[in-house]
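Data from data.pdb: PDB, C-alpha atoms
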ATOM      1  CA  MET A  98     -58.600  27.254  15.157
ATOM      2  CA  ASN A  99     -61.305  29.885  14.990
ATOM      3  CA  TYR A 100     -63.259  30.345  11.770
ATOM      4  CA  ARG A 101     -65.066  33.333  10.311
ATOM      5  CA  LYS A 102     -67.340  33.876   7.321
ATOM      6  CA  LEU A 103     -65.715  35.402   4.270
ATOM      7  CA  GLY A 104     -68.446  37.970   3.848
ATOM      8  CA  ARG A 105     -71.351  36.898   1.670
ATOM      9  CA  THR A 106     -69.350  34.169  -0.111
ATOM     10  CA  GLY A 107     -70.589  31.585   2.351
ATOM     11  CA  PHE A 108     -67.018  30.335   2.834
ATOM     12  CA  GLU A 109     -66.228  29.505   6.471
ATOM     13  CA  ILE A 110     -62.492  30.095   6.683
ATOM     14  CA  SER A 111     -59.709  30.085   9.261
ATOM     15  CA  GLU A 112     -59.279  33.515  10.828
ATOM     16  CA  ILE A 113     -55.510  33.082  10.586
ATOM     17  CA  SER A 114     -54.740  31.689   7.157
ATOM     18  CA  LEU A 115     -51.672  31.551   4.916
ATOM     19  CA  GLY A 116     -50.247  33.945   2.375
ATOM     20  CA  THR A 117     -47.815  32.343  -0.063
ATOM     21  CA  TRP A 118     -45.711  35.151  -1.501
ATOM     22  CA  GLN A 119     -42.593  33.611   0.065
ATOM     23  CA  VAL A 120     -43.884  30.088   0.670
ATOM     24  CA  GLY A 121     -41.089  28.405  -1.300
ATOM     25  CA  GLY A 122     -38.348  30.205   0.585
ATOM     26  CA  LYS A 123     -37.328  33.637   1.783
ATOM     27  CA  TRP A 124     -37.940  36.644  -0.434
ATOM     28  CA  GLY A 125     -35.360  36.719  -3.192
ATOM     29  CA  SER A 126     -34.296  33.086  -2.804
ATOM     30  CA  GLU A 127     -34.884  30.227  -5.226
ATOM     31  CA  PHE A 128     -38.167  28.360  -4.904
ATOM     32  CA  ASP A 129     -37.878  25.164  -2.863
ATOM     33  CA  ASP A 130     -40.679  22.728  -3.746
ATOM     34  CA  ALA A 131     -40.070  20.481  -0.758
ATOM     35  CA  ASN A 132     -40.109  23.407   1.648
ATOM     36  CA  ALA A 133     -43.294  24.744   0.076
ATOM     37  CA  ASP A 134     -44.955  21.349   0.480
ATOM     38  CA  ARG A 135     -43.944  21.205   4.148
ATOM     39  CA  ILE A 136     -45.288  24.693   4.841
ATOM     40  CA  LEU A 137     -48.596  24.065   3.099
ATOM     41  CA  ASN A 138     -49.194  20.704   4.758
ATOM     42  CA  THR A 139     -48.269  22.101   8.174
ATOM     43  CA  ALA A 140     -50.861  24.823   7.664
ATOM     44  CA  VAL A 141     -53.612  22.336   6.814
ATOM     45  CA  ASP A 142     -52.561  19.999   9.624
ATOM     46  CA  HIS A 143     -53.170  22.873  12.062
ATOM     47  CA  GLY A 144     -56.602  23.836  10.786
ATOM     48  CA  ILE A 145     -55.870  26.432   8.111
ATOM     49  CA  ASN A 146     -58.308  26.021   5.237
ATOM     50  CA  PHE A 147     -57.765  29.256   3.290
ATOM     51  CA  ILE A 148     -54.639  29.849   1.213
ATOM     52  CA  ASP A 149     -53.878  33.016  -0.721
ATOM     53  CA  THR A 150     -51.576  33.005  -3.742
ATOM     54  CA  ALA A 151     -51.022  34.763  -7.073
ATOM     55  CA  ASP A 152     -49.972  33.784 -10.553
ATOM     56  CA  VAL A 153     -46.783  35.867 -10.237
ATOM     57  CA  TYR A 154     -45.585  34.344  -6.964
ATOM     58  CA  SER A 155     -42.389  32.552  -7.938
ATOM     59  CA  ALA A 156     -43.552  32.679 -11.571
ATOM     60  CA  GLY A 157     -46.433  30.269 -10.973
ATOM     61  CA  LEU A 158     -44.567  27.811  -8.751
ATOM     62  CA  SER A 159     -46.626  28.849  -5.724
ATOM     63  CA  GLU A 160     -49.840  27.915  -7.548
ATOM     64  CA  LYS A 161     -48.322  24.603  -8.656
ATOM     65  CA  ALA A 162     -47.360  23.777  -5.065
ATOM     66  CA  ILE A 163     -50.928  24.472  -3.945
ATOM     67  CA  GLY A 164     -52.155  22.269  -6.785
ATOM     68  CA  ARG A 165     -50.078  19.412  -5.371
ATOM     69  CA  LEU A 166     -51.562  20.086  -1.949
ATOM     70  CA  LEU A 167     -55.127  19.962  -3.275
ATOM     71  CA  LYS A 168     -54.496  16.584  -4.888
ATOM     72  CA  SER A 169     -53.005  15.125  -1.727
ATOM     73  CA  ARG A 170     -55.536  16.301   0.892
ATOM     74  CA  SER A 171     -59.170  15.401   1.500
ATOM     75  CA  GLU A 172     -60.076  18.528   3.497
ATOM     76  CA  ARG A 173     -62.174  21.292   1.930
ATOM     77  CA  LEU A 174     -59.575  23.934   1.203
ATOM     78  CA  TYR A 175     -60.331  27.382  -0.219
ATOM     79  CA  VAL A 176     -57.756  28.891  -2.557
ATOM     80  CA  ALA A 177     -57.653  32.535  -3.519
ATOM     81  CA  THR A 178     -55.391  33.503  -6.380
ATOM     82  CA  LYS A 179     -54.761  36.809  -8.161
ATOM     83  CA  CYS A 180     -54.195  38.000 -11.695
ATOM     84  CA  GLY A 181     -53.023  41.108 -13.497
ATOM     85  CA  ARG A 182     -49.508  41.687 -12.216
ATOM     86  CA  GLN A 183     -48.019  39.872 -15.200
ATOM     87  CA  ILE A 184     -48.964  42.881 -17.306
ATOM     88  CA  ASN A 185     -45.730  44.704 -18.156
ATOM     89  CA  PRO A 186     -45.610  47.620 -18.051
ATOM     90  CA  HIS A 187     -48.239  47.419 -15.334
ATOM     91  CA  VAL A 188     -50.556  50.130 -16.655
ATOM     92  CA  ASN A 189     -54.268  50.535 -17.271
ATOM     93  CA  ALA A 190     -53.959  49.955 -21.028
ATOM     94  CA  GLY A 191     -52.529  46.492 -20.404
ATOM     95  CA  TYR A 192     -55.713  45.363 -18.694
ATOM     96  CA  THR A 193     -57.696  43.723 -21.467
ATOM     97  CA  THR A 194     -60.390  41.094 -21.130
ATOM     98  CA  GLU A 195     -58.356  38.797 -23.381
ATOM     99  CA  ALA A 196     -55.255  39.017 -21.200
ATOM    100  CA  LEU A 197     -57.164  38.486 -17.957
ATOM    101  CA  ARG A 198     -59.055  35.513 -19.351
ATOM    102  CA  GLY A 199     -55.739  33.967 -20.312
ATOM    103  CA  TYR A 200     -54.367  34.451 -16.802
ATOM    104  CA  VAL A 201     -57.432  32.744 -15.314
ATOM    105  CA  GLU A 202     -57.024  29.780 -17.677
ATOM    106  CA  ASP A 203     -53.351  29.476 -16.712
ATOM    107  CA  SER A 204     -54.166  29.543 -12.984
ATOM    108  CA  LEU A 205     -56.785  26.828 -13.451
ATOM    109  CA  SER A 206     -54.144  24.679 -15.132
ATOM    110  CA  ARG A 207     -51.424  25.242 -12.524
ATOM    111  CA  LEU A 208     -53.803  24.630  -9.624
ATOM    112  CA  GLY A 209     -55.306  21.597 -11.351
ATOM    113  CA  VAL A 210     -58.905  22.673 -10.731
ATOM    114  CA  GLU A 211     -61.939  23.297 -12.922
ATOM    115  CA  ARG A 212     -63.090  26.390 -11.029
ATOM    116  CA  LEU A 213     -61.265  29.017  -8.983
ATOM    117  CA  ASP A 214     -62.792  29.530  -5.542
ATOM    118  CA  LEU A 215     -61.761  33.176  -5.562
ATOM    119  CA  VAL A 216     -59.814  35.218  -8.086
ATOM    120  CA  GLN A 217     -58.683  38.727  -7.221
ATOM    121  CA  LEU A 218     -57.515  41.559  -9.417
ATOM    122  CA  HIS A 219     -53.932  42.026  -8.220
ATOM    123  CA  CYS A 220     -53.525  45.672  -7.205
ATOM    124  CA  PRO A 221     -54.411  47.099 -10.614
ATOM    125  CA  PRO A 222     -53.887  50.772 -11.478
ATOM    126  CA  THR A 223     -56.653  52.957 -10.054
ATOM    127  CA  GLU A 224     -58.118  53.584 -13.528
ATOM    128  CA  VAL A 225     -59.042  49.916 -13.868
ATOM    129  CA  TYR A 226     -61.666  50.299 -11.139
ATOM    130  CA  TYR A 227     -63.551  52.654 -13.458
ATOM    131  CA  ARG A 228     -63.852  50.118 -16.292
ATOM    132  CA  PRO A 229     -67.044  48.050 -15.941
ATOM    133  CA  GLU A 230     -66.025  45.749 -18.810
ATOM    134  CA  ILE A 231     -63.210  44.326 -16.683
ATOM    135  CA  PHE A 232     -65.638  43.318 -13.950
ATOM    136  CA  GLY A 233     -68.103  42.099 -16.577
ATOM    137  CA  LEU A 234     -65.486  39.614 -17.794
ATOM    138  CA  PHE A 235     -65.457  37.895 -14.413
ATOM    139  CA  GLU A 236     -69.245  37.699 -14.456
ATOM    140  CA  ARG A 237     -68.971  35.772 -17.718
ATOM    141  CA  LEU A 238     -66.227  33.554 -16.282
ATOM    142  CA  HIS A 239     -68.532  32.827 -13.354
ATOM    143  CA  GLU A 240     -71.338  31.877 -15.728
ATOM    144  CA  GLU A 241     -68.905  29.579 -17.568
ATOM    145  CA  GLY A 242     -68.091  27.822 -14.288
ATOM    146  CA  LYS A 243     -64.438  28.868 -14.257
ATOM    147  CA  VAL A 244     -64.641  31.362 -11.397
ATOM    148  CA  ASP A 245     -66.776  31.144  -8.272
ATOM    149  CA  LYS A 246     -66.094  34.457  -6.521
ATOM    150  CA  LEU A 247     -64.361  37.709  -7.505
ATOM    151  CA  GLY A 248     -62.349  40.001  -5.275
ATOM    152  CA  VAL A 249     -59.958  42.914  -5.528
ATOM    153  CA  SER A 250     -56.568  43.270  -3.908
ATOM    154  CA  VAL A 251     -55.955  46.969  -3.391
ATOM    155  CA  GLU A 252     -53.290  49.438  -2.351
ATOM    156  CA  LYS A 253     -55.601  52.266  -1.308
ATOM    157  CA  VAL A 254     -58.791  52.611   0.695
ATOM    158  CA  GLU A 255     -60.280  54.625  -2.161
ATOM    159  CA  GLU A 256     -59.763  51.662  -4.506
ATOM    160  CA  ALA A 257     -61.455  49.338  -2.043
ATOM    161  CA  LEU A 258     -64.468  51.610  -1.813
ATOM    162  CA  LYS A 259     -64.724  51.861  -5.601
ATOM    163  CA  GLY A 260     -64.266  48.112  -6.024
ATOM    164  CA  ILE A 261     -67.175  47.175  -3.800
ATOM    165  CA  GLU A 262     -69.501  49.313  -5.902
ATOM    166  CA  TYR A 263     -69.521  46.383  -8.364
ATOM    167  CA  ASP A 264     -72.149  43.820  -7.438
ATOM    168  CA  ASN A 265     -69.915  40.836  -8.234
ATOM    169  CA  VAL A 266     -67.015  41.934  -6.020
ATOM    170  CA  ASP A 267     -67.373  39.814  -2.888
ATOM    171  CA  THR A 268     -63.993  40.330  -1.198
ATOM    172  CA  VAL A 269     -61.307  42.947  -0.693
ATOM    173  CA  GLN A 270     -57.708  42.214   0.217
ATOM    174  CA  ILE A 271     -56.018  45.179   1.852
ATOM    175  CA  ILE A 272     -53.030  46.086   4.011
ATOM    176  CA  PHE A 273     -54.082  46.697   7.608
ATOM    177  CA  ASN A 274     -51.958  46.469  10.736
ATOM    178  CA  ILE A 275     -50.753  48.477  13.728
ATOM    179  CA  PHE A 276     -48.774  50.650  11.282
ATOM    180  CA  ARG A 277     -51.606  51.046   8.733
ATOM    181  CA  GLN A 278     -54.811  51.810  10.604
ATOM    182  CA  ARG A 279     -56.792  53.867   8.083
ATOM    183  CA  PRO A 280     -58.908  50.952   6.739
ATOM    184  CA  SER A 281     -60.586  50.646  10.165
ATOM    185  CA  GLU A 282     -62.397  53.906   9.497
ATOM    186  CA  LEU A 283     -64.767  54.261   6.524
ATOM    187  CA  PHE A 284     -63.779  51.111   4.649
ATOM    188  CA  PHE A 285     -64.542  48.654   7.455
ATOM    189  CA  GLU A 286     -67.875  50.385   8.001
ATOM    190  CA  GLN A 287     -68.832  49.997   4.342
ATOM    191  CA  ALA A 288     -67.537  46.413   4.185
ATOM    192  CA  ASN A 289     -69.767  45.475   7.106
ATOM    193  CA  LYS A 290     -72.717  47.221   5.515
ATOM    194  CA  LYS A 291     -72.307  45.313   2.239
ATOM    195  CA  ASP A 292     -71.169  42.029   3.827
ATOM    196  CA  ILE A 293     -67.842  42.102   1.990
ATOM    197  CA  GLY A 294     -65.184  39.558   2.916
ATOM    198  CA  VAL A 295     -62.046  41.337   4.141
ATOM    199  CA  ILE A 296     -58.670  39.641   3.726
ATOM    200  CA  ILE A 297     -55.782  41.304   5.547
ATOM    201  CA  ARG A 298     -52.294  41.090   4.075
ATOM    202  CA  VAL A 299     -48.907  42.403   5.334
ATOM    203  CA  PRO A 300     -50.087  41.990   8.961
ATOM    204  CA  LEU A 301     -46.539  42.031  10.318
ATOM    205  CA  ALA A 302     -45.321  44.939   8.175
ATOM    206  CA  SER A 303     -42.843  42.771   6.232
ATOM    207  CA  GLY A 304     -41.461  41.394   9.489
ATOM    208  CA  LEU A 305     -41.022  44.684  11.327
ATOM    209  CA  LEU A 306     -43.798  43.685  13.720
ATOM    210  CA  THR A 307     -41.989  40.530  14.765
ATOM    211  CA  GLY A 308     -39.525  42.545  16.838
ATOM    212  CA  LYS A 309     -36.612  40.593  15.331
ATOM    213  CA  PHE A 310     -35.044  43.399  13.289
ATOM    214  CA  SER A 311     -32.538  46.090  14.229
ATOM    215  CA  GLU A 312     -30.482  48.807  12.578
ATOM    216  CA  GLU A 313     -27.869  46.146  11.833
ATOM    217  CA  THR A 314     -30.273  43.774  10.033
ATOM    218  CA  THR A 315     -29.475  43.330   6.338
ATOM    219  CA  PHE A 316     -31.607  41.949   3.518
ATOM    220  CA  GLY A 317     -30.554  40.246   0.279
ATOM    221  CA  LYS A 318     -30.382  42.305  -2.896
ATOM    222  CA  ASP A 319     -33.402  40.460  -4.347
ATOM    223  CA  ASP A 320     -35.474  40.942  -1.181
ATOM    224  CA  HIS A 321     -38.059  43.704  -1.587
ATOM    225  CA  ARG A 322     -37.141  44.892   1.919
ATOM    226  CA  HIS A 323     -33.817  45.909   0.374
ATOM    227  CA  PHE A 324     -34.781  47.280  -3.045
ATOM    228  CA  ASN A 325     -38.347  48.559  -2.621
ATOM    229  CA  ARG A 326     -38.207  50.828   0.428
ATOM    230  CA  ASP A 327     -38.787  53.844  -1.821
ATOM    231  CA  GLY A 328     -41.069  52.048  -4.283
ATOM    232  CA  ALA A 329     -38.420  51.173  -6.878
ATOM    233  CA  GLY A 330     -40.082  47.852  -7.730
ATOM    234  CA  PHE A 331     -43.764  48.371  -6.872
ATOM    235  CA  ASP A 332     -45.895  50.337  -4.426
ATOM    236  CA  LYS A 333     -43.692  51.166  -1.445
ATOM    237  CA  GLY A 334     -46.612  50.515   0.887
ATOM    238  CA  GLU A 335     -46.034  46.780   0.377
ATOM    239  CA  THR A 336     -42.621  47.071   2.073
ATOM    240  CA  PHE A 337     -42.673  47.703   5.839
ATOM    241  CA  SER A 338     -46.229  49.014   5.218
ATOM    242  CA  GLY A 339     -44.660  52.164   3.793
ATOM    243  CA  VAL A 340     -43.127  53.132   7.143
ATOM    244  CA  PRO A 341     -39.486  54.323   7.072
ATOM    245  CA  TYR A 342     -37.428  51.448   8.462
ATOM    246  CA  GLU A 343     -35.750  53.317  11.321
ATOM    247  CA  LEU A 344     -39.041  54.883  12.408
ATOM    248  CA  GLY A 345     -40.636  51.439  12.382
ATOM    249  CA  LEU A 346     -37.913  50.122  14.685
ATOM    250  CA  GLN A 347     -38.545  53.026  17.054
ATOM    251  CA  ALA A 348     -42.259  52.288  17.106
ATOM    252  CA  VAL A 349     -41.650  48.570  17.721
ATOM    253  CA  ARG A 350     -39.491  49.372  20.754
ATOM    254  CA  LEU A 351     -42.259  51.580  22.101
ATOM    255  CA  LEU A 352     -44.790  48.777  21.610
ATOM    256  CA  GLN A 353     -42.519  46.388  23.480
ATOM    257  CA  GLU A 354     -42.339  48.844  26.384
ATOM    258  CA  HIS A 355     -46.145  49.146  26.485
ATOM    259  CA  PHE A 356     -46.723  45.377  26.161
ATOM    260  CA  PRO A 357     -43.754  43.663  27.850
ATOM    261  CA  ASP A 358     -45.639  40.394  28.408
ATOM    262  CA  TYR A 359     -47.343  40.159  25.009
ATOM    263  CA  PRO A 360     -45.207  38.746  22.156
ATOM    264  CA  ILE A 361     -45.240  41.445  19.517
ATOM    265  CA  THR A 362     -46.060  39.101  16.626
ATOM    266  CA  HIS A 363     -49.129  37.922  18.479
ATOM    267  CA  LEU A 364     -49.985  41.475  19.489
ATOM    268  CA  ALA A 365     -49.926  42.489  15.828
ATOM    269  CA  LEU A 366     -52.183  39.612  14.745
ATOM    270  CA  LYS A 367     -54.541  40.016  17.694
ATOM    271  CA  TYR A 368     -54.950  43.733  16.954
ATOM    272  CA  ILE A 369     -56.198  42.938  13.446
ATOM    273  CA  LEU A 370     -58.584  40.242  14.632
ATOM    274  CA  MET A 371     -60.191  42.596  17.147
ATOM    275  CA  PHE A 372     -62.103  44.153  14.212
ATOM    276  CA  ASN A 373     -65.238  42.241  13.281
ATOM    277  CA  ALA A 374     -65.053  43.436   9.670
ATOM    278  CA  VAL A 375     -61.970  41.257   9.218
ATOM    279  CA  SER A 376     -62.622  37.795   7.794
ATOM    280  CA  THR A 377     -59.063  36.484   7.826
ATOM    281  CA  VAL A 378     -55.453  37.556   8.123
ATOM    282  CA  ILE A 379     -52.841  35.961   5.847
ATOM    283  CA  PRO A 380     -49.315  36.113   7.296
ATOM    284  CA  GLY A 381     -46.703  34.456   5.132
ATOM    285  CA  ALA A 382     -44.173  31.841   6.116
ATOM    286  CA  SER A 383     -40.814  30.731   4.757
ATOM    287  CA  ARG A 384     -40.595  27.815   7.241
ATOM    288  CA  PRO A 385     -43.206  25.478   8.776
ATOM    289  CA  GLU A 386     -42.254  26.737  12.245
ATOM    290  CA  GLN A 387     -43.467  30.212  11.337
ATOM    291  CA  VAL A 388     -46.920  28.847  10.525
ATOM    292  CA  ILE A 389     -47.141  27.230  13.956
ATOM    293  CA  SER A 390     -45.839  30.348  15.693
ATOM    294  CA  ASN A 391     -48.466  32.536  14.027
ATOM    295  CA  LEU A 392     -51.234  30.184  15.114
ATOM    296  CA  GLU A 393     -50.160  30.433  18.742
ATOM    297  CA  ASN A 394     -51.859  33.816  18.625
ATOM    298  CA  GLU A 395     -55.088  31.905  19.292
ATOM    299  CA  LYS A 396     -53.904  31.346  22.887
ATOM    300  CA  GLN A 397     -53.424  35.058  23.584
ATOM    301  CA  PRO A 398     -56.087  37.129  25.362
ATOM    302  CA  ASP A 399     -58.167  39.674  23.503
ATOM    303  CA  LEU A 400     -57.067  43.295  23.812
ATOM    304  CA  ASP A 401     -59.103  45.597  26.053
ATOM    305  CA  LEU A 402     -60.077  49.199  25.293
ATOM    306  CA  MET A 403     -57.054  50.632  27.077
ATOM    307  CA  GLN A 404     -54.688  48.396  25.125
ATOM    308  CA  MET A 405     -56.354  49.250  21.829
ATOM    309  CA  GLY A 406     -56.068  52.906  22.790
ATOM    310  CA  ALA A 407     -52.360  52.502  23.442
ATOM    311  CA  LEU A 408     -51.874  51.033  19.970
ATOM    312  CA  LYS A 409     -53.811  53.921  18.444
ATOM    313  CA  LYS A 410     -51.647  56.428  20.310
ATOM    314  CA  VAL A 411     -48.394  54.890  19.027
ATOM    315  CA  TYR A 412     -49.814  55.106  15.527
ATOM    316  CA  ASP A 413     -51.027  58.677  15.935
ATOM    317  CA  ASP A 414     -47.835  59.907  17.555
ATOM    318  CA  LEU A 415     -45.231  58.211  15.349
ATOM    319  CA  ILE A 416     -46.666  56.638  12.215
ATOM    320  CA  SER A 417     -49.801  58.361  10.981
ATOM    321  CA  SER A 418     -48.131  61.373   9.384
ATOM    322  CA  GLU A 419     -46.018  59.046   7.228
ATOM    323  CA  VAL A 420     -48.755  56.758   5.852
ATOM    324  CA  HIS A 421     -52.317  57.776   6.654
ATOM    325  CA  HIS A 422     -52.797  60.182   3.747
ATOM    326  CA  LEU A 423     -51.090  57.950   1.179
ATOM    327  CA  TRP A 424     -53.112  54.731   1.350
TER
END
Go ahead and render the structure in this file as structure tokens.
Amino acid sequence: MNYRKLGRTGFEISEISLGTWQVGGKWGSEFDDANADRILNTAVDHGINFIDTADVYSAGLSEKAIGRLLKSRSERLYVATKCGRQINPHVNAGYTTEALRGYVEDSLSRLGVERLDLVQLHCPPTEVYYRPEIFGLFERLHEEGKVDKLGVSVEKVEEALKGIEYDNVDTVQIIFNIFRQRPSELFFEQANKKDIGVIIRVPLASGLLTGKFSEETTFGKDDHRHFNRDGAGFDKGETFSGVPYELGLQAVRLLQEHFPDYPITHLALKYILMFNAVSTVIPGASRPEQVISNLENEKQPDLDLMQMGALKKVYDDLISSEVHHLW
């Protein structure tokens, strides 16, 4: 396992880590505690020491599973959780210091810890980034010993840039992959300049960049890949990175033609890790085998300039017009 610094936090974390949105089972399925425990322990057994979760993942069951893991392992594990998405309706007015403090207290309880390593605002409405009192709350929570580091999980590059204007924002979690290349422009430059930790989510575009899907693939009614393609449930950029499904399949086939000897999942992860602004990438897993498969990326060669150029051309020719201006 290779490790990178999470910006100025001082945390030395696995460059391929674990996201736990679907850790207890596939999207839309019931949470399976035993399966979650297997996935989490497999990750740690293979050198992963950074785990990303949220209070809304499986209504807190993801955090509870990580709490069990922390009690059972001796390794130094870093846990990043998120808060804010419980607010319903999810609007600016719902973001109060009282509500957010309550969410932090609940996460501490479910994880069974006295202090959160990293808490992230969970894709709040853009207006929240213009409210200093929200960020001041987390400064007080830090002083109280309940929160170590603060980050923001964002939908848009503009939100990331606004977020890192606050001195106590140490990390940004953002979507970045072969199908969402805009962050590699101004945001990565500013993140490097300010030594911000960059956590990359949705690296495989909700599974599109595994090469396992086709026009005949179906998804369960409770799977966001079924109901959220047009943003019916939340920001549509979280589903297939905002790329129309059929167009994404076309782009994947083109990638497979360009890189016949490079497994596309590993190509997708390697592309992200070629950028030195990136601290870690957090693919999810619904089975232990997926964790191991993702980590096999470490055996793949780095991409050269011509290969990176080919990936940029696929994006420019097929994908950019659909996503670049939106996020």
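Considering the residues A:Leu166, A:Ile297, A:Ala133, A:Val153 and counting all atoms listed in the file, A:Val210 has its shortest atom-to-atom contact with A:Leu166.
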> Suppose you want the space between atom CA of A:Ala162 and atom CA of A:Lys179; what is it in Å?
Replying inline: 15.3 Å
If you take all atoms listed in the file and a cut-off of 10 Å, which residues of stretch 336-423 of chain A touch stretch 251-268 of chain A, and what are their nearest atom pairs and distances in Å to one decimal, in chain and number order, as CSV?
residue,atom,partner,partner_atom,distance
A:Ser376,CA,A:Thr268,CA,9.4
A:His422,CA,A:Lys253,CA,9.8
A:Leu423,CA,A:Lys253,CA,7.7
> Near A:Asp149, counting only C-alpha atoms, which residues have an atom at most 8 Å away, once you skip same-chain residues fewer than 4 positions from it, shown as JSON, numbers by chain?
Replying inline: {"A": [115, 116, 117, 176, 177, 178, 379]}
Can you spit out the residues from that selection as an mmCIF file, keeping the file's coordinate frame, using C-alpha atoms?
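Result written to selection33.cif:
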data_model
loop_
_atom_site.group_PDB
_atom_site.id
_atom_site.type_symbol
_atom_site.label_atom_id
_atom_site.label_comp_id
_atom_site.auth_asym_id
_atom_site.auth_seq_id
_atom_site.Cartn_x
_atom_site.Cartn_y
_atom_site.Cartn_z
ATOM 1 C CA LEU A 115 -51.672 31.551 4.916
ATOM 2 C CA GLY A 116 -50.247 33.945 2.375
ATOM 3 C CA THR A 117 -47.815 32.343 -0.063
ATOM 4 C CA VAL A 176 -57.756 28.891 -2.557
ATOM 5 C CA ALA A 177 -57.653 32.535 -3.519
ATOM 6 C CA THR A 178 -55.391 33.503 -6.380
ATOM 7 C CA ILE A 379 -52.841 35.961 5.847
#
>> Given the PyMOL selection byres ((chain A and resi 238) around 12) and the file above, list the residues it selects as a ChimeraX atom specification.
In response: /A:194-195,197-202,205,211-216,231-237,239-247,265
> What does the PyMOL selection byres ((chain A and resi 336-351) around 10) select in this file, as an MDAnalysis selection string?
Replying inline: chainID A and resid 272:277 299:312 320:328 331:335 352:357 361 408 411:412 414:421 423:424
